[in-house]
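With PDB, C-alpha atoms and all ligand atoms inside, this is target-v1.pdb:
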ATOM      1  CA  MET A  17     219.300  11.291  92.432
ATOM      2  CA  ARG A  18     220.575  12.537  95.757
ATOM      3  CA  ALA A  19     218.503  15.265  97.396
ATOM      4  CA  MET A  20     218.281  16.978 100.755
ATOM      5  CA  LEU A  21     214.643  16.687 101.850
ATOM      6  CA  LEU A  22     212.530  18.668 104.267
ATOM      7  CA  ASP A  23     210.000  16.185 105.691
ATOM      8  CA  ALA A  24     208.422  18.604 108.153
ATOM      9  CA  PRO A  25     209.105  22.148 109.385
ATOM     10  CA  LYS A  26     211.476  22.522 112.335
ATOM     11  CA  SER A  27     213.329  19.330 111.486
ATOM     12  CA  PRO A  28     216.743  18.991 109.864
ATOM     13  CA  LEU A  29     216.957  18.171 106.167
ATOM     14  CA  ARG A  30     217.467  14.494 105.377
ATOM     15  CA  LEU A  31     219.736  13.161 102.646
ATOM     16  CA  GLY A  32     217.558  10.923 100.471
ATOM     17  CA  GLU A  33     217.174   9.437  97.034
ATOM     18  CA  LEU A  34     214.472  10.543  94.611
ATOM     19  CA  PRO A  35     213.782   9.461  91.039
ATOM     20  CA  ILE A  36     215.158  11.941  88.483
ATOM     21  CA  PRO A  37     212.103  14.021  87.527
ATOM     22  CA  LYS A  38     210.769  13.978  83.954
ATOM     23  CA  PRO A  39     210.197  17.324  82.247
ATOM     24  CA  ASN A  40     206.666  17.861  80.915
ATOM     25  CA  ARG A  41     205.891  19.980  77.897
ATOM     26  CA  GLY A  42     207.183  23.493  78.567
ATOM     27  CA  GLN A  43     209.666  22.301  81.185
ATOM     28  CA  LEU A  44     213.396  21.735  81.298
ATOM     29  CA  LEU A  45     215.267  19.096  83.232
ATOM     30  CA  ILE A  46     218.310  20.784  84.742
ATOM     31  CA  ARG A  47     221.375  18.978  85.965
ATOM     32  CA  VAL A  48     222.133  21.107  89.026
ATOM     33  CA  ARG A  49     225.704  22.318  89.414
ATOM     34  CA  ALA A  50     225.300  24.808  92.270
ATOM     35  CA  CYS A  51     222.468  26.122  94.410
ATOM     36  CA  GLY A  52     222.585  29.218  96.584
ATOM     37  CA  ILE A  53     221.157  29.195 100.087
ATOM     38  CA  CYS A  54     218.753  32.006 100.919
ATOM     39  CA  ARG A  55     217.380  33.365 104.170
ATOM     40  CA  THR A  56     213.950  32.343 102.828
ATOM     41  CA  ASP A  57     215.078  28.702 103.038
ATOM     42  CA  LEU A  58     215.586  29.231 106.768
ATOM     43  CA  HIS A  59     212.101  30.737 107.121
ATOM     44  CA  ILE A  60     210.686  27.617 105.428
ATOM     45  CA  VAL A  61     212.667  25.213 107.628
ATOM     46  CA  ASP A  62     211.662  27.187 110.722
ATOM     47  CA  GLY A  63     207.964  27.014 109.831
ATOM     48  CA  GLU A  64     207.626  30.789 109.429
ATOM     49  CA  LEU A  65     206.391  30.335 105.858
ATOM     50  CA  THR A  66     203.543  28.018 106.566
ATOM     51  CA  HIS A  67     202.512  26.223 103.360
ATOM     52  CA  PRO A  68     205.477  24.468 101.770
ATOM     53  CA  LYS A  69     204.861  21.315  99.741
ATOM     54  CA  LEU A  70     206.108  18.343 101.773
ATOM     55  CA  PRO A  71     208.388  16.595 101.483
ATOM     56  CA  LEU A  72     210.240  19.473  99.855
ATOM     57  CA  VAL A  73     213.529  20.000  98.077
ATOM     58  CA  LEU A  74     214.546  23.541  99.057
ATOM     59  CA  GLY A  75     216.614  25.917  96.959
ATOM     60  CA  HIS A  76     215.754  28.684  94.508
ATOM     61  CA  GLN A  77     219.118  29.984  93.318
ATOM     62  CA  ILE A  78     219.874  27.124  90.968
ATOM     63  CA  VAL A  79     222.603  27.063  88.346
ATOM     64  CA  GLY A  80     222.818  24.057  86.083
ATOM     65  CA  THR A  81     222.806  22.754  82.550
ATOM     66  CA  VAL A  82     219.884  21.667  80.405
ATOM     67  CA  ALA A  83     219.811  17.850  80.442
ATOM     68  CA  GLU A  84     216.446  17.297  78.763
ATOM     69  CA  ILE A  85     213.832  19.484  77.107
ATOM     70  CA  GLY A  86     210.115  18.723  77.445
ATOM     71  CA  ASN A  87     209.334  19.946  73.940
ATOM     72  CA  LYS A  88     212.341  20.927  71.833
ATOM     73  CA  SER A  89     210.480  22.910  69.180
ATOM     74  CA  GLU A  90     209.042  25.291  71.800
ATOM     75  CA  SER A  91     212.140  25.850  73.941
ATOM     76  CA  ARG A  92     214.409  28.902  74.048
ATOM     77  CA  PHE A  93     217.230  26.645  75.202
ATOM     78  CA  ASN A  94     219.414  23.878  73.834
ATOM     79  CA  LEU A  95     220.768  20.791  75.558
ATOM     80  CA  GLY A  96     223.854  21.704  77.580
ATOM     81  CA  ASP A  97     222.959  25.410  77.936
ATOM     82  CA  ARG A  98     223.738  26.869  81.327
ATOM     83  CA  VAL A  99     220.615  28.284  82.958
ATOM     84  CA  GLY A 100     219.458  29.720  86.262
ATOM     85  CA  ILE A 101     216.217  28.878  88.049
ATOM     86  CA  PRO A 102     214.918  31.629  90.370
ATOM     87  CA  TRP A 103     212.283  31.838  93.126
ATOM     88  CA  LEU A 104     209.489  32.741  90.680
ATOM     89  CA  GLY A 105     208.716  29.299  89.300
ATOM     90  CA  HIS A 106     205.359  29.666  87.566
ATOM     91  CA  THR A 107     202.636  32.290  87.112
ATOM     92  CA  CYS A 108     199.165  32.029  85.574
ATOM     93  CA  GLN A 109     199.800  34.752  82.945
ATOM     94  CA  HIS A 110     196.132  35.809  82.994
ATOM     95  CA  CYS A 111     195.254  37.299  86.400
ATOM     96  CA  ARG A 112     195.107  41.096  86.823
ATOM     97  CA  TYR A 113     198.660  41.145  88.228
ATOM     98  CA  CYS A 114     200.165  39.032  85.452
ATOM     99  CA  LEU A 115     198.438  41.234  82.871
ATOM    100  CA  SER A 116     199.762  44.472  84.374
ATOM    101  CA  GLY A 117     203.493  43.711  84.641
ATOM    102  CA  LYS A 118     203.239  42.575  88.270
ATOM    103  CA  GLU A 119     203.604  38.830  87.872
ATOM    104  CA  ASN A 120     205.534  38.867  91.155
ATOM    105  CA  LEU A 121     202.088  39.262  92.777
ATOM    106  CA  CYS A 122     200.265  36.609  90.687
ATOM    107  CA  ASP A 123     197.231  35.147  92.462
ATOM    108  CA  THR A 124     198.259  31.556  91.756
ATOM    109  CA  VAL A 125     202.031  31.872  91.679
ATOM    110  CA  GLN A 126     204.261  28.879  92.373
ATOM    111  CA  PHE A 127     207.665  29.325  93.944
ATOM    112  CA  THR A 128     210.755  27.216  93.410
ATOM    113  CA  GLY A 129     211.898  25.401  96.531
ATOM    114  CA  TYR A 130     208.519  26.020  98.219
ATOM    115  CA  ASP A 131     205.584  25.002  95.993
ATOM    116  CA  LEU A 132     207.906  23.216  93.557
ATOM    117  CA  ASN A 133     210.978  21.127  94.294
ATOM    118  CA  GLY A 134     214.154  23.192  94.135
ATOM    119  CA  GLY A 135     217.871  22.801  93.799
ATOM    120  CA  TYR A 136     219.186  21.052  96.910
ATOM    121  CA  ALA A 137     219.353  18.010  94.612
ATOM    122  CA  GLU A 138     221.242  16.672  91.623
ATOM    123  CA  TYR A 139     218.407  17.448  89.193
ATOM    124  CA  ALA A 140     215.441  19.830  89.049
ATOM    125  CA  VAL A 141     212.678  20.512  86.561
ATOM    126  CA  ALA A 142     211.628  24.069  85.815
ATOM    127  CA  ASP A 143     209.228  25.969  83.588
ATOM    128  CA  ASP A 144     211.243  26.965  80.529
ATOM    129  CA  ARG A 145     209.764  30.488  80.477
ATOM    130  CA  PHE A 146     211.021  31.298  83.976
ATOM    131  CA  CYS A 147     214.639  30.206  83.517
ATOM    132  CA  PHE A 148     217.384  32.706  82.733
ATOM    133  CA  PRO A 149     220.551  32.274  80.691
ATOM    134  CA  ILE A 150     223.536  32.705  83.036
ATOM    135  CA  PRO A 151     226.063  35.399  82.033
ATOM    136  CA  GLU A 152     229.175  33.685  80.710
ATOM    137  CA  ALA A 153     231.606  35.591  82.916
ATOM    138  CA  TYR A 154     230.321  33.896  86.055
ATOM    139  CA  PRO A 155     231.486  30.502  87.304
ATOM    140  CA  ASP A 156     228.621  28.357  88.616
ATOM    141  CA  LEU A 157     229.246  28.971  92.316
ATOM    142  CA  GLN A 158     229.571  32.734  91.902
ATOM    143  CA  ALA A 159     226.478  32.917  89.676
ATOM    144  CA  ALA A 160     224.121  31.210  92.138
ATOM    145  CA  PRO A 161     223.699  34.153  94.567
ATOM    146  CA  LEU A 162     222.747  36.442  91.702
ATOM    147  CA  LEU A 163     219.469  34.555  91.328
ATOM    148  CA  CYS A 164     217.760  35.666  94.538
ATOM    149  CA  ALA A 165     220.074  37.703  96.745
ATOM    150  CA  GLY A 166     220.972  39.651  93.619
ATOM    151  CA  LEU A 167     217.683  39.676  91.833
ATOM    152  CA  ILE A 168     215.185  40.381  94.591
ATOM    153  CA  GLY A 169     217.784  42.641  96.189
ATOM    154  CA  TYR A 170     217.876  44.547  92.915
ATOM    155  CA  ARG A 171     214.104  44.925  92.889
ATOM    156  CA  SER A 172     214.320  46.326  96.446
ATOM    157  CA  TYR A 173     217.132  48.641  95.446
ATOM    158  CA  LYS A 174     215.106  49.989  92.521
ATOM    159  CA  MET A 175     212.376  50.979  95.002
ATOM    160  CA  THR A 176     214.791  53.509  96.526
ATOM    161  CA  GLY A 177     214.481  55.555  93.314
ATOM    162  CA  ASP A 178     216.894  58.464  93.082
ATOM    163  CA  ALA A 179     218.015  58.251  96.735
ATOM    164  CA  GLN A 180     221.686  59.203  97.107
ATOM    165  CA  LYS A 181     222.400  58.115 100.680
ATOM    166  CA  ILE A 182     221.068  54.619 101.268
ATOM    167  CA  GLY A 183     221.127  52.599 104.484
ATOM    168  CA  PHE A 184     221.417  48.805 104.307
ATOM    169  CA  TYR A 185     220.139  47.094 107.456
ATOM    170  CA  GLY A 186     221.676  43.629 107.550
ATOM    171  CA  PHE A 187     224.802  43.093 105.510
ATOM    172  CA  GLY A 188     224.444  39.603 104.130
ATOM    173  CA  ALA A 189     224.078  38.014 100.725
ATOM    174  CA  ALA A 190     221.803  40.620  99.137
ATOM    175  CA  ALA A 191     223.547  43.673 100.618
ATOM    176  CA  HIS A 192     227.012  42.534  99.532
ATOM    177  CA  ILE A 193     225.740  42.393  95.945
ATOM    178  CA  LEU A 194     223.629  45.549  95.958
ATOM    179  CA  ILE A 195     226.337  47.720  97.462
ATOM    180  CA  GLN A 196     228.292  47.081  94.263
ATOM    181  CA  VAL A 197     225.387  48.337  92.153
ATOM    182  CA  ALA A 198     224.971  51.392  94.403
ATOM    183  CA  CYS A 199     228.674  52.308  94.299
ATOM    184  CA  TYR A 200     228.728  51.824  90.523
ATOM    185  CA  GLN A 201     225.877  54.317  90.284
ATOM    186  CA  GLY A 202     227.695  56.829  92.482
ATOM    187  CA  LYS A 203     225.544  56.385  95.586
ATOM    188  CA  GLU A 204     226.622  56.292  99.231
ATOM    189  CA  VAL A 205     225.906  53.178 101.276
ATOM    190  CA  TYR A 206     225.610  53.196 105.066
ATOM    191  CA  ALA A 207     225.826  49.624 106.373
ATOM    192  CA  PHE A 208     224.153  48.515 109.595
ATOM    193  CA  THR A 209     224.947  45.136 111.142
ATOM    194  CA  ARG A 210     224.228  43.313 114.384
ATOM    195  CA  ALA A 211     225.976  44.995 117.307
ATOM    196  CA  GLY A 212     229.503  43.664 117.656
ATOM    197  CA  ASP A 213     229.689  42.268 114.113
ATOM    198  CA  ASP A 214     233.055  43.871 113.393
ATOM    199  CA  ARG A 215     233.762  41.397 110.632
ATOM    200  CA  GLY A 216     230.508  42.305 108.846
ATOM    201  CA  GLN A 217     231.219  46.015 109.195
ATOM    202  CA  GLU A 218     234.729  45.550 107.865
ATOM    203  CA  PHE A 219     233.336  43.546 104.936
ATOM    204  CA  ALA A 220     230.908  46.399 104.155
ATOM    205  CA  ARG A 221     233.675  49.013 104.237
ATOM    206  CA  ALA A 222     235.863  46.862 102.004
ATOM    207  CA  LEU A 223     233.029  46.773  99.463
ATOM    208  CA  GLY A 224     232.697  50.566  99.498
ATOM    209  CA  ALA A 225     230.366  51.518 102.364
ATOM    210  CA  VAL A 226     231.056  55.133 103.396
ATOM    211  CA  TRP A 227     230.034  54.236 106.939
ATOM    212  CA  ALA A 228     229.417  50.977 108.814
ATOM    213  CA  GLY A 229     228.121  50.509 112.325
ATOM    214  CA  SER A 230     225.589  48.694 114.461
ATOM    215  CA  SER A 231     221.875  48.986 113.762
ATOM    216  CA  GLN A 232     221.461  50.605 117.171
ATOM    217  CA  GLU A 233     223.560  53.566 116.029
ATOM    218  CA  SER A 234     222.284  56.580 114.107
ATOM    219  CA  PRO A 235     223.938  57.253 110.755
ATOM    220  CA  PRO A 236     226.211  60.330 110.705
ATOM    221  CA  GLU A 237     223.628  62.121 108.581
ATOM    222  CA  PRO A 238     220.017  61.534 107.600
ATOM    223  CA  LEU A 239     219.502  58.963 104.835
ATOM    224  CA  ASP A 240     217.399  59.364 101.696
ATOM    225  CA  ALA A 241     216.292  55.734 101.825
ATOM    226  CA  ALA A 242     216.920  52.487 103.651
ATOM    227  CA  ILE A 243     216.556  48.833 102.725
ATOM    228  CA  ILE A 244     215.945  46.349 105.526
ATOM    229  CA  PHE A 245     217.405  42.982 104.547
ATOM    230  CA  ALA A 246     217.393  41.509 108.065
ATOM    231  CA  PRO A 247     214.151  39.763 109.137
ATOM    232  CA  VAL A 248     213.868  41.931 112.239
ATOM    233  CA  GLY A 249     210.630  43.924 112.629
ATOM    234  CA  SER A 250     212.094  46.304 115.215
ATOM    235  CA  LEU A 251     214.355  47.677 112.478
ATOM    236  CA  ILE A 252     211.332  49.338 110.845
ATOM    237  CA  PRO A 253     210.975  52.165 113.384
ATOM    238  CA  THR A 254     214.781  52.340 113.590
ATOM    239  CA  ALA A 255     215.110  52.833 109.842
ATOM    240  CA  LEU A 256     212.202  55.297 109.673
ATOM    241  CA  GLN A 257     214.024  57.436 112.214
ATOM    242  CA  ALA A 258     217.202  57.302 110.145
ATOM    243  CA  VAL A 259     215.629  58.563 106.908
ATOM    244  CA  ALA A 260     215.018  62.219 106.121
ATOM    245  CA  LYS A 261     211.628  63.747 105.219
ATOM    246  CA  GLY A 262     210.235  62.115 102.087
ATOM    247  CA  GLY A 263     212.531  59.105 102.511
ATOM    248  CA  THR A 264     211.601  55.521 101.743
ATOM    249  CA  VAL A 265     212.128  52.413 103.860
ATOM    250  CA  VAL A 266     211.980  49.187 101.831
ATOM    251  CA  CYS A 267     211.517  45.817 103.525
ATOM    252  CA  ALA A 268     213.247  43.300 101.269
ATOM    253  CA  GLY A 269     212.558  40.038 103.100
ATOM    254  CA  ILE A 270     209.673  37.608 102.861
ATOM    255  CA  HIS A 271     209.214  37.354 106.616
ATOM    256  CA  MET A 272     209.884  39.616 109.591
ATOM    257  CA  SER A 273     209.484  39.294 113.311
ATOM    258  CA  GLN A 274     206.685  41.351 114.891
ATOM    259  CA  ILE A 275     206.918  45.097 114.282
ATOM    260  CA  PRO A 276     206.737  47.093 117.533
ATOM    261  CA  ALA A 277     204.222  49.940 117.763
ATOM    262  CA  PHE A 278     205.717  53.295 116.887
ATOM    263  CA  ALA A 279     204.704  56.962 116.975
ATOM    264  CA  TYR A 280     203.126  58.332 113.823
ATOM    265  CA  SER A 281     205.608  61.201 113.951
ATOM    266  CA  ILE A 282     208.414  58.997 112.608
ATOM    267  CA  LEU A 283     206.363  58.129 109.511
ATOM    268  CA  TRP A 284     205.041  61.685 109.127
ATOM    269  CA  SER A 285     206.556  64.097 106.585
ATOM    270  CA  GLU A 286     205.868  61.777 103.671
ATOM    271  CA  ARG A 287     208.180  59.012 104.679
ATOM    272  CA  VAL A 288     207.213  55.843 102.825
ATOM    273  CA  LEU A 289     207.285  52.305 104.199
ATOM    274  CA  ARG A 290     206.881  49.444 101.735
ATOM    275  CA  SER A 291     207.643  45.790 101.175
ATOM    276  CA  VAL A 292     209.031  44.078  98.104
ATOM    277  CA  ALA A 293     207.659  40.701  97.095
ATOM    278  CA  ASN A 294     209.341  38.204  94.798
ATOM    279  CA  LEU A 295     210.542  39.166  91.326
ATOM    280  CA  THR A 296     209.330  39.584  87.795
ATOM    281  CA  ARG A 297     211.155  38.076  84.838
ATOM    282  CA  GLN A 298     211.856  41.628  83.708
ATOM    283  CA  ASP A 299     213.804  42.236  86.967
ATOM    284  CA  GLY A 300     215.879  39.168  86.134
ATOM    285  CA  VAL A 301     216.635  40.236  82.582
ATOM    286  CA  GLU A 302     217.684  43.732  83.745
ATOM    287  CA  PHE A 303     219.798  42.570  86.648
ATOM    288  CA  LEU A 304     221.568  39.732  84.842
ATOM    289  CA  SER A 305     222.566  42.102  82.061
ATOM    290  CA  LEU A 306     223.785  44.731  84.550
ATOM    291  CA  ALA A 307     225.787  42.320  86.768
ATOM    292  CA  PRO A 308     228.619  41.566  84.311
ATOM    293  CA  GLN A 309     228.889  45.228  83.276
ATOM    294  CA  ILE A 310     229.752  46.449  86.780
ATOM    295  CA  PRO A 311     231.039  43.665  87.199
ATOM    296  CA  ILE A 312     229.459  42.402  90.403
ATOM    297  CA  LYS A 313     231.647  39.936  92.265
ATOM    298  CA  THR A 314     229.986  37.557  94.683
ATOM    299  CA  GLU A 315     231.701  36.252  97.775
ATOM    300  CA  VAL A 316     230.657  32.664  98.427
ATOM    301  CA  GLU A 317     231.140  30.106 101.170
ATOM    302  CA  VAL A 318     230.780  26.682  99.643
ATOM    303  CA  PHE A 319     229.308  23.541 101.204
ATOM    304  CA  PRO A 320     228.735  20.082  99.704
ATOM    305  CA  LEU A 321     225.100  19.000  99.241
ATOM    306  CA  ASP A 322     225.091  16.713 102.285
ATOM    307  CA  LYS A 323     226.245  19.607 104.506
ATOM    308  CA  ALA A 324     223.153  21.729 103.761
ATOM    309  CA  ASN A 325     222.076  21.627 107.426
ATOM    310  CA  GLU A 326     225.473  22.959 108.513
ATOM    311  CA  ALA A 327     225.204  25.722 105.902
ATOM    312  CA  LEU A 328     221.732  26.719 107.135
ATOM    313  CA  THR A 329     222.997  26.823 110.721
ATOM    314  CA  ALA A 330     225.936  29.012 109.725
ATOM    315  CA  LEU A 331     223.527  31.385 107.958
ATOM    316  CA  ARG A 332     221.206  31.472 110.975
ATOM    317  CA  GLU A 333     224.120  32.354 113.243
ATOM    318  CA  GLY A 334     225.372  35.123 110.957
ATOM    319  CA  ARG A 335     228.620  33.267 110.202
ATOM    320  CA  ILE A 336     228.467  33.596 106.399
ATOM    321  CA  ASN A 337     230.335  36.433 104.694
ATOM    322  CA  GLY A 338     228.520  36.974 101.417
ATOM    323  CA  SER A 339     226.465  33.970 100.297
ATOM    324  CA  ALA A 340     226.386  30.306 101.185
ATOM    325  CA  VAL A 341     226.256  28.049  98.133
ATOM    326  CA  LEU A 342     225.909  24.299  97.765
ATOM    327  CA  ALA A 343     228.311  22.759  95.263
ATOM    328  CA  ILE A 344     226.271  19.916  93.864
ATOM    329  CA  ASP A 345     228.266  18.830  90.849
ATOM    330  CA  PRO A 346     231.162  16.803  92.303
ATOM    331  CA  GLU A 347     233.464  18.171  89.606
ATOM    332  CA  LEU A 348     233.226  21.727  90.963
ATOM    333  CA  ASN A 349     236.506  22.628  92.598
ATOM    334  CA  TYR A 350     236.399  24.956  95.545
TER
HETATM  335 ZN    ZN B 401     198.761  35.515  87.513
HETATM  336 ZN    ZN B 402     215.663  33.872  98.134
END
I'd like the structure from this file rewritten - as structure tokens, please.
Ligand SMILES: [Zn+2]
Ligand SMILES: [Zn+2]
Amino acid sequence: MRAMLLDAPKSPLRLGELPIPKPNRGQLLIRVRACGICRTDLHIVDGELTHPKLPLVLGHQIVGTVAEIGNKSESRFNLGDRVGIPWLGHTCQHCRYCLSGKENLCDTVQFTGYDLNGGYAEYAVADDRFCFPIPEAYPDLQAAPLLCAGLIGYRSYKMTGDAQKIGFYGFGAAAHILIQVACYQGKEVYAFTRAGDDRGQEFARALGAVWAGSSQESPPEPLDAAIIFAPVGSLIPTALQAVAKGGTVVCAGIHMSQIPAFAYSILWSERVLRSVANLTRQDGVEFLSLAPQIPIKTEVEVFPLDKANEALTALREGRINGSAVLAIDPELNY
């Protein structure tokens, strides 16, 4: 099969050939149709996440069809079913986190496209228990961004609780999905982008933001909560200063640049600062049932498999509106 391979951090992906993997008991072989590109993939390529398996097939927003089942009598799926493979690839199911509904924090977790080969390839194997059925309403390309941008974004969004006025710092793949959930639930979104990103601000307004501006600006009124999607540590004190007393700042990304020192006074008054790590299967079930009800529409920019490096560069440079997705099945029209 064709695959884009990461041989070493800080090097471009290489188009190579790998044998089609065989599913073991409890696994599915998926014929990949589309795979979303995530900011996390960039952190892996850039060496900011330091322990990927190598060589590695990146990609953890995989949509495809079941081509082979490791053990048919034990599977929830049938041949030909359309399934999604997310970032959470495998958990132990017996550590204290797995046993308390926090499998996202499992001590011996394995992640798709990091510890396990992912979806920048024509086939992938995945643990049956961690795959999701894909809602029928979504074409393959539009479904892919739901699997991480949507799902982990949704977990971050839930951490804002009953906040009414919510700031989104960084208006990329996750924000463009979560703003639709927020608007559906009657909340107000304040979108912050890089200075001068008029196109991003316009995109946010078109999706329902009540205000959009640069992250160096203050919102017109204090926020109840903020989610930082951009991997920029200096946004933490910025966001803390934008939220009212008792407000929460949620860091949604897996990696951030260094956080500058800040005065305790901006955290004082019961402001809360927290991170969100990974997802649980329960997050996936909830979000994938909510998405078609709203219905969430994803904006995608599509690249062929062998242009994955170009797609990653476009994401790095902030040139993607919505989500970048690799179209891997040659029959996909876009
Ligand atoms: Zn565990
Ligand atoms: Zn991701």
Report task. Could you please determine the separation between CA of Thr209 in chain A and CA of Ile312 in chain A in Å, to one decimal place? Result ->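 Going from CA of Thr209 in chain A over to CA of Ile312 in chain A covers 21.4 Å.
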Requested in this report: Spell out the residues picked by the PyMOL selection byres (((chain A and resi 51) around 8) and not hetatm) here, as a list in words.
Outcome: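 Applying the expression gives Val48, Arg49, Ala50, Gly52, Ile53, Gly75, His76, Gln77, Ile78, Val79, Gly135, Tyr136, Leu157, Ala160, Val341, Leu342, Ala343 and Ile344 of chain A.
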Kindly provide the residues of chain A that approach ligand ZN 401 (chain B) to within 7 Å, each paired with its closest atom pair and their distance in Å to one decimal, based on all atoms listed in the file, listed by chain and increasing number, as a tab-separated table.
residue	atom	partner	partner_atom	distance
A:Thr107	CA	B:ZN401	ZN	5.1
A:Cys108	CA	B:ZN401	ZN	4.0
A:Gln109	CA	B:ZN401	ZN	4.7
A:His110	CA	B:ZN401	ZN	5.2
A:Cys111	CA	B:ZN401	ZN	4.1
A:Arg112	CA	B:ZN401	ZN	6.7
A:Tyr113	CA	B:ZN401	ZN	5.7
A:Cys114	CA	B:ZN401	ZN	4.3
A:Glu119	CA	B:ZN401	ZN	5.9
A:Cys122	CA	B:ZN401	ZN	3.7
A:Asp123	CA	B:ZN401	ZN	5.2
A:Thr124	CA	B:ZN401	ZN	5.8
A:Val125	CA	B:ZN401	ZN	6.4
Requested in this report: Set the cut-off to 7 Å, count only C-alpha atoms and all ligand atoms, and list whatever residues fall near ligand ZN 402 (chain B) as a ChimeraX atom specification.
Outcome: /A:54-56,76,103,164-165
Requested in this report: Find, counting only C-alpha atoms, the residue in A:Ile244, A:Val226, A:Leu95, A:Val82 that gets nearest to Ala258 in chain A.
Outcome: A:Ile244
Report task. Could you expand the PyMOL selection byres (((chain A and resi 169-173) around 7) and not hetatm) into the explicit residues it covers here, written as a PyMOL selection string? Result -> chain A and resi 165-168+174-176+190+194+266+268+292+295+299+303
Report task. Specify as a list in words each residue included when the PyMOL selection byres (((chain A and resi 26) around 6) and not hetatm) is applied to this file. Result -> Pro25, Ser27, Val61 and Asp62 of chain A
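The neighbours of Tyr185 in chain A here are the residues that come within 7 Å of it, using only C-alpha atoms and leaving out any residue fewer than 6 positions away in the same chain; they are Ala207, Phe208, Thr209, Ser231, Ile243, Ile244, Phe245 and Ala246 of chain A.
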Requested in this report: Give the answer as one residue: which of A:Val259, A:Val141, A:Ala198, A:Leu72 has the shortest atom-to-atom distance to Arg41 in chain A, using all atoms listed in the file?
Outcome: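 Answer, going by the shortest atom-to-atom distance: A:Val141.
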Query raised in the report: What does the distance between CA of Gln158 in chain A and CA of Asn120 in chain A come to in Å, to one decimal place?
Result: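 Straight-line distance from CA of Gln158 in chain A to CA of Asn120 in chain A works out to 24.8 Å.
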Query - Nearest to Ile336 in chain A by atom-to-atom distance, counting only C-alpha atoms, from A:Arg215, A:Lys313, A:Arg221, A:Arg290 - result: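 Counting only C-alpha atoms, the residue closest to Ile336 in chain A is A:Arg215.
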Report task. Would you mind telling me which residue in A:Phe127, A:Phe219, A:Phe93, A:Tyr139 lies nearest to Pro35 in chain A when using all atoms listed in the file? Result -> A:Tyr139
Query - Coordinates-based distance that separates CA of Leu45 in chain A from CA of Asn349 in chain A (Å, one decimal) - result: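 Answer for the CA of Asn349 in chain A to CA of Leu45 in chain A separation: 23.5 Å.
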